[in-house]
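Trainee: Here you go, this is entry-v4.pdb (PDB, C-alpha atoms, pLDDT in the B column).
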MODEL        1
ATOM      1  CA  MET N  38       0.000   0.000   0.000  1.00 52.00           C
ATOM      2  CA  THR N  39       1.310   3.447  -0.808  1.00 61.00           C
ATOM      3  CA  PRO N  40       1.906   5.879   2.070  1.00 59.00           C
ATOM      4  CA  VAL N  41      -0.890   8.155   0.792  1.00 59.00           C
ATOM      5  CA  ALA N  42      -3.395   5.301   0.711  1.00 65.00           C
ATOM      6  CA  ASN N  43      -2.275   4.077   4.134  1.00 65.00           C
ATOM      7  CA  GLU N  44      -2.631   7.569   5.597  1.00 75.00           C
ATOM      8  CA  SER N  45      -6.064   7.850   4.036  1.00 89.00           C
ATOM      9  CA  ILE N  46      -7.139   4.552   5.618  1.00 90.00           C
ATOM     10  CA  GLU N  47      -5.835   5.698   8.995  1.00 91.00           C
ATOM     11  CA  ASN N  48      -7.765   8.961   8.644  1.00 92.00           C
ATOM     12  CA  LYS N  49     -10.931   7.109   7.686  1.00 93.00           C
ATOM     13  CA  PHE N  50     -10.515   4.691  10.566  1.00 92.00           C
ATOM     14  CA  SER N  51      -9.910   7.550  12.999  1.00 92.00           C
ATOM     15  CA  SER N  52     -13.133   9.181  11.894  1.00 95.00           C
ATOM     16  CA  LEU N  53     -15.187   6.134  12.922  1.00 94.00           C
ATOM     17  CA  SER N  54     -17.050   6.079  16.199  1.00 94.00           C
ATOM     18  CA  THR N  55     -15.399   4.260  19.100  1.00 90.00           C
ATOM     19  CA  GLU N  56     -18.048   1.548  18.908  1.00 91.00           C
ATOM     20  CA  GLU N  57     -17.340   1.012  15.207  1.00 93.00           C
ATOM     21  CA  LYS N  58     -13.563   0.932  15.753  1.00 90.00           C
ATOM     22  CA  VAL N  59     -13.992  -1.727  18.432  1.00 88.00           C
ATOM     23  CA  SER N  60     -16.245  -3.733  16.133  1.00 90.00           C
ATOM     24  CA  VAL N  61     -13.818  -3.553  13.195  1.00 92.00           C
ATOM     25  CA  ILE N  62     -10.857  -4.585  15.352  1.00 91.00           C
ATOM     26  CA  SER N  63     -12.783  -7.340  17.127  1.00 90.00           C
ATOM     27  CA  HIS N  64     -13.960  -8.849  13.857  1.00 93.00           C
ATOM     28  CA  GLY N  65     -10.485  -8.499  12.357  1.00 94.00           C
ATOM     29  CA  VAL N  66      -8.907 -10.228  15.344  1.00 96.00           C
ATOM     30  CA  ALA N  67     -11.421 -13.066  15.110  1.00 94.00           C
ATOM     31  CA  LEU N  68     -10.709 -13.583  11.404  1.00 97.00           C
ATOM     32  CA  ARG N  69      -6.935 -13.387  11.763  1.00 97.00           C
ATOM     33  CA  LEU N  70      -6.980 -15.671  14.809  1.00 97.00           C
ATOM     34  CA  SER N  71      -8.872 -18.282  12.830  1.00 97.00           C
ATOM     35  CA  GLU N  72      -6.368 -18.049   9.949  1.00 98.00           C
ATOM     36  CA  TRP N  73      -3.347 -18.289  12.256  1.00 98.00           C
ATOM     37  CA  LYS N  74      -4.826 -21.253  14.127  1.00 98.00           C
ATOM     38  CA  LYS N  75      -5.131 -23.094  10.811  1.00 98.00           C
ATOM     39  CA  ARG N  76      -1.502 -22.275  10.010  1.00 98.00           C
ATOM     40  CA  LEU N  77      -0.483 -23.422  13.490  1.00 98.00           C
ATOM     41  CA  PHE N  78      -2.293 -26.737  13.053  1.00 98.00           C
ATOM     42  CA  LEU N  79      -0.617 -27.311   9.679  1.00 98.00           C
ATOM     43  CA  ALA N  80       2.853 -26.446  10.987  1.00 98.00           C
ATOM     44  CA  GLU N  81       2.382 -28.680  14.054  1.00 98.00           C
ATOM     45  CA  SER N  82       1.334 -31.594  11.866  1.00 98.00           C
ATOM     46  CA  LYS N  83       4.313 -31.123   9.518  1.00 98.00           C
ATOM     47  CA  VAL N  84       6.807 -30.969  12.406  1.00 98.00           C
ATOM     48  CA  ARG N  85       5.181 -33.997  14.047  1.00 98.00           C
ATOM     49  CA  PHE N  86       5.473 -35.899  10.741  1.00 98.00           C
ATOM     50  CA  PHE N  87       9.252 -35.346  10.629  1.00 98.00           C
ATOM     51  CA  GLU N  88       9.663 -36.164  14.328  1.00 98.00           C
ATOM     52  CA  GLU N  89       7.845 -39.457  13.827  1.00 98.00           C
ATOM     53  CA  LYS N  90       9.696 -40.232  10.608  1.00 98.00           C
ATOM     54  CA  TYR N  91      13.145 -39.718  12.160  1.00 98.00           C
ATOM     55  CA  ARG N  92      12.179 -40.610  15.751  1.00 98.00           C
ATOM     56  CA  LYS N  93      13.778 -37.471  17.186  1.00 98.00           C
ATOM     57  CA  SER N  94      13.247 -33.744  17.444  1.00 98.00           C
ATOM     58  CA  LEU N  95      14.939 -31.226  15.193  1.00 98.00           C
ATOM     59  CA  VAL N  96      16.928 -30.015  18.212  1.00 98.00           C
ATOM     60  CA  GLU N  97      18.267 -33.546  18.701  1.00 98.00           C
ATOM     61  CA  LEU N  98      19.092 -33.867  15.004  1.00 98.00           C
ATOM     62  CA  ASP N  99      20.870 -30.511  15.021  1.00 98.00           C
ATOM     63  CA  ALA N 100      22.921 -31.597  18.046  1.00 98.00           C
ATOM     64  CA  GLU N 101      23.884 -34.898  16.400  1.00 97.00           C
ATOM     65  CA  GLY N 102      24.227 -33.542  12.872  1.00 97.00           C
ATOM     66  CA  LEU N 103      23.022 -35.305   9.774  1.00 97.00           C
ATOM     67  CA  PRO N 104      24.439 -38.803   9.391  1.00 96.00           C
ATOM     68  CA  ASP N 105      27.388 -39.140   6.991  1.00 96.00           C
ATOM     69  CA  ASP N 106      25.296 -41.465   4.858  1.00 97.00           C
ATOM     70  CA  ALA N 107      22.237 -39.163   4.753  1.00 97.00           C
ATOM     71  CA  ASP N 108      20.548 -39.402   1.394  1.00 97.00           C
ATOM     72  CA  HIS N 109      19.039 -36.672  -0.772  1.00 98.00           C
ATOM     73  CA  GLU N 110      15.604 -37.189   0.788  1.00 98.00           C
ATOM     74  CA  MET N 111      16.922 -36.643   4.307  1.00 98.00           C
ATOM     75  CA  HIS N 112      18.644 -33.426   3.261  1.00 98.00           C
ATOM     76  CA  GLU N 113      15.411 -32.163   1.686  1.00 98.00           C
ATOM     77  CA  ASP N 114      13.450 -33.217   4.771  1.00 98.00           C
ATOM     78  CA  TYR N 115      15.927 -31.375   6.981  1.00 98.00           C
ATOM     79  CA  ILE N 116      15.394 -28.158   5.028  1.00 98.00           C
ATOM     80  CA  MET N 117      11.593 -28.528   5.143  1.00 98.00           C
ATOM     81  CA  TRP N 118      11.699 -29.506   8.824  1.00 98.00           C
ATOM     82  CA  ASN N 119      13.542 -26.273   9.595  1.00 98.00           C
ATOM     83  CA  HIS N 120      11.029 -24.308   7.547  1.00 98.00           C
ATOM     84  CA  TRP N 121       8.031 -25.843   9.336  1.00 98.00           C
ATOM     85  CA  THR N 122       9.665 -25.379  12.742  1.00 98.00           C
ATOM     86  CA  GLU N 123      10.109 -21.659  12.004  1.00 98.00           C
ATOM     87  CA  ALA N 124       6.532 -21.479  10.694  1.00 98.00           C
ATOM     88  CA  LEU N 125       5.332 -23.203  13.870  1.00 98.00           C
ATOM     89  CA  GLU N 126       7.062 -20.687  16.129  1.00 98.00           C
ATOM     90  CA  LYS N 127       5.755 -17.735  14.117  1.00 98.00           C
ATOM     91  CA  ALA N 128       2.192 -19.095  14.122  1.00 98.00           C
ATOM     92  CA  ARG N 129       2.353 -19.886  17.833  1.00 98.00           C
ATOM     93  CA  LYS N 130       3.453 -16.314  18.614  1.00 98.00           C
ATOM     94  CA  GLN N 131       0.749 -14.794  16.404  1.00 98.00           C
ATOM     95  CA  VAL N 132      -1.965 -16.938  18.006  1.00 98.00           C
ATOM     96  CA  ILE N 133      -0.800 -15.972  21.504  1.00 97.00           C
ATOM     97  CA  ASP N 134      -0.700 -12.269  20.606  1.00 96.00           C
ATOM     98  CA  LEU N 135      -4.119 -12.313  18.949  1.00 96.00           C
ATOM     99  CA  GLU N 136      -5.655 -14.324  21.798  1.00 95.00           C
ATOM    100  CA  MET N 137      -4.399 -11.689  24.244  1.00 93.00           C
ATOM    101  CA  ILE N 138      -6.064  -8.954  22.200  1.00 91.00           C
ATOM    102  CA  ALA N 139      -9.277 -10.975  22.028  1.00 89.00           C
ATOM    103  CA  ALA N 140      -9.197 -11.694  25.779  1.00 87.00           C
ATOM    104  CA  TYR N 141      -8.566  -8.109  26.860  1.00 80.00           C
ATOM    105  CA  GLY N 142     -10.696  -6.505  24.213  1.00 68.00           C
ATOM    106  CA  VAL N 143      -9.960  -3.132  22.746  1.00 63.00           C
ATOM    107  CA  GLN N 144      -9.270  -0.230  25.065  1.00 63.00           C
ATOM    108  CA  TRP N 145      -9.995   3.289  23.797  1.00 56.00           C
TER
ENDMDL
END
Write the structure described by the file as structure tokens, please.
Mentor:
Amino acid sequence: MTPVANESIENKFSSLSTEEKVSVISHGVALRLSEWKKRLFLAESKVRFFEEKYRKSLVELDAEGLPDDADHEMHEDYIMWNHWTEALEKARKQVIDLEMIAAYGVQW
């Protein structure tokens, strides 16, 4: 979004009544929380898949290092496992932050 458009949106939002601002934010939080919970579920399932496949956590694998005889598939899995672990942490943080907003409500 361009700075002019962003400023315009902020001005429009500021002109809303307090009740309407609370409603917009509350609905937005509910929608985003739902989206992030879906992402969290997906990331958890992907990480769990790799943990079950290799019978260890990524932390354990990092400590041990990849085996000398690791094949191409294991290298690809390692890359994806790292990706999904990062995605899991990001989703977990977003869910926690949005749940706090939802729990406390909007203060004006």
Trainee: Just how far from atom CA of N:Leu125 is atom CA of N:Phe78, in Å to one decimal?
Mentor: 8.4 Å
Trainee: Residues picked by the PyMOL selection byres ((chain N and resi 72-77) around 8) here, as an MDAnalysis selection string?
Mentor: chainID N and resid 68:71 78:81 124:125 128:129 131:132
Trainee: Using all atoms listed in the file, which residue out of N:Glu136, N:Glu110, N:Ser82, N:Trp118 lies closest to N:Leu95?
Mentor: N:Trp118
Trainee: So that I can see what lies close to N:Gly102, please list as an MDAnalysis selection string the residues with an atom at most 12 Å from it, counting all atoms listed in the file and leaving out residues fewer than 6 positions away in the same chain.
Mentor: chainID N and resid 93:96 111:112 115
Trainee: I'd like the interatomic distance between atom CA of N:Gly65 and atom CA of N:Lys127, to a tenth of an Å.
Mentor: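 A separation of 18.8 Å between them.
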Trainee: Work out how far atom CA of N:Thr122 is from atom CA of N:Asp108, in Å to one decimal.
Mentor: 21.1 Å
Trainee: Which residues come within 9 Å of N:Val66, counting all atoms listed in the file, excluding same-chain residues fewer than 6 positions away, as a PyMOL selection string?
Mentor: chain N and resi 135-136+138-139
Trainee: Nearest residue to N:Phe87 out of N:Glu126, N:Glu113, N:Glu56, N:Glu101, using all atoms listed in the file?
Mentor: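 Of the candidates, the smallest distance to N:Phe87 is held by N:Glu113.
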Trainee: Go through N:Tyr91, N:Tyr141, N:Trp121, N:Phe86 and flag the residue nearest N:Ala107, using only C-alpha atoms for the distances.
Mentor: N:Tyr91
Trainee: Nearest to N:Glu123: which of N:Arg92, N:Lys83, N:Val61, N:Ala100 is it, counting all atoms listed in the file?
Mentor: N:Lys83
